[in-house]
Amino acid sequence: MRFVLALLAFAGIIVSSLALQVHYSTGTEPCSINERWDCGIVNHSSFAVIHGVPVAGYLLLAILALLRKRLFLLLAALPALAFALYLSHIERDVLEVWCLYCVISQGIIALLTLLSAIWLALAKFSGRRIPKTA
């Protein structure tokens, strides 16, 4: 399971990298599909950065998965999911435009959160001792 979670996190890194490329690009965006789907509008908005730093954090999730830190992985994934849901709200209700990369990232973080919760539950209910630092 840890390799599946790490693979998902690495997929998130790739998608985030593509979105980051759009953030710093000034040309025509590859996902400018129509007036409802335009990564450029989303990634150039003020919501795409926190204190000037573009938002993303999949590397930490990949490391926690590979180190089998089940509890810490879930504790990191939950706020990441909440933040992704907040950003989806911004896309839908404020910007009124969607970024294809962001939607894919939302699916990845939702799946990562769900699988990390299942992984933790399976370890807990299988009788394996989970160290306090897990």
# chains A, B, ... in the order shown; residues from 1 in each chain; ligands from 1

call {"tool": "select_by_dssp", "arguments": {"residues": "chain A", "states": "alpha helix (DSSP H)", "output": "number ranges by chain"}}
result
A: 2-24, 39-43, 58-66, 70-89, 100-125

call {"tool": "select_by_dssp", "arguments": {"residues": "region 5-129 of chain A", "states": "strand (DSSP E or B)", "output": "PyMOL selection string"}}
result
chain A and resi 37+49-50+53-54+98

call {"tool": "write_last_selection", "arguments": {"atoms": "C-alpha atoms", "output": "PDB file, in the first residue's frame"}}
result
ATOM      1  CA  TRP A  37     -11.791  25.472 -18.322  1.00  0.00           C
ATOM      2  CA  VAL A  49       0.061  31.493  -4.136  1.00  0.00           C
ATOM      3  CA  ILE A  50       0.471  31.874  -0.387  1.00  0.00           C
ATOM      4  CA  VAL A  53       4.868  30.774  -2.980  1.00  0.00           C
ATOM      5  CA  PRO A  54       2.837  28.517  -5.313  1.00  0.00           C
ATOM      6  CA  TRP A  98     -11.760  25.357 -13.591  1.00  0.00           C
TER       7      TRP A  98
END

call {"tool": "closest_residue", "arguments": {"among": "A:Ala9, A:Leu71, A:Leu85, A:Ile90", "to": "Trp119 (chain A)", "atoms": "only C-alpha atoms"}}
result
A:Leu71

call {"tool": "residues_around", "arguments": {"residues": "Ser17 (chain A)", "least_positions_apart": "3", "cutoff": "12 Å", "atoms": "only C-alpha atoms", "output": "VMD selection string"}}
result
chain A and resid 10 to 14 20 to 24 43 54 to 59 101 to 102 105

call {"tool": "write_last_selection", "arguments": {"atoms": "C-alpha atoms", "output": "PDB file, in the first residue's frame"}}
result
ATOM      1  CA  PHE A  10       4.462  11.349  -7.222  1.00  0.00           C
ATOM      2  CA  ALA A  11       1.584  11.675  -9.704  1.00  0.00           C
ATOM      3  CA  GLY A  12       0.520  14.686  -7.646  1.00  0.00           C
ATOM      4  CA  ILE A  13       4.024  16.103  -7.951  1.00  0.00           C
ATOM      5  CA  ILE A  14       3.850  15.749 -11.742  1.00  0.00           C
ATOM      6  CA  LEU A  20       3.482  25.400 -11.766  1.00  0.00           C
ATOM      7  CA  GLN A  21       4.687  25.620 -15.346  1.00  0.00           C
ATOM      8  CA  VAL A  22       1.388  27.311 -16.235  1.00  0.00           C
ATOM      9  CA  HIS A  23       1.812  29.651 -13.256  1.00  0.00           C
ATOM     10  CA  TYR A  24       5.130  30.967 -14.569  1.00  0.00           C
ATOM     11  CA  ASN A  43      -2.893  29.654 -11.906  1.00  0.00           C
ATOM     12  CA  PRO A  54       2.837  28.517  -5.313  1.00  0.00           C
ATOM     13  CA  VAL A  55       0.810  25.935  -3.383  1.00  0.00           C
ATOM     14  CA  ALA A  56       1.644  22.185  -3.463  1.00  0.00           C
ATOM     15  CA  GLY A  57       2.901  19.592  -0.973  1.00  0.00           C
ATOM     16  CA  TYR A  58       2.949  16.103  -2.379  1.00  0.00           C
ATOM     17  CA  LEU A  59       6.619  15.424  -1.628  1.00  0.00           C
ATOM     18  CA  TYR A 101      -4.608  20.168 -13.463  1.00  0.00           C
ATOM     19  CA  CYS A 102      -6.287  21.317 -10.248  1.00  0.00           C
ATOM     20  CA  SER A 105      -4.878  17.089  -8.238  1.00  0.00           C
TER      21      SER A 105
END

call {"tool": "atom_distance", "arguments": {"atom1": "CA of Met1 (chain A)", "atom2": "CA of Ser126 (chain A)"}}
result
14.4 Å

call {"tool": "closest_residue", "arguments": {"among": "A:Ala48, A:Ile104, A:Cys99, A:Ala77", "to": "Leu61 (chain A)", "atoms": "only C-alpha atoms"}}
result
A:Ala77

call {"tool": "closest_residue", "arguments": {"among": "A:Val97, A:Leu60, A:Leu122, A:Leu111", "to": "Gly40 (chain A)", "atoms": "only C-alpha atoms"}}
result
A:Val97
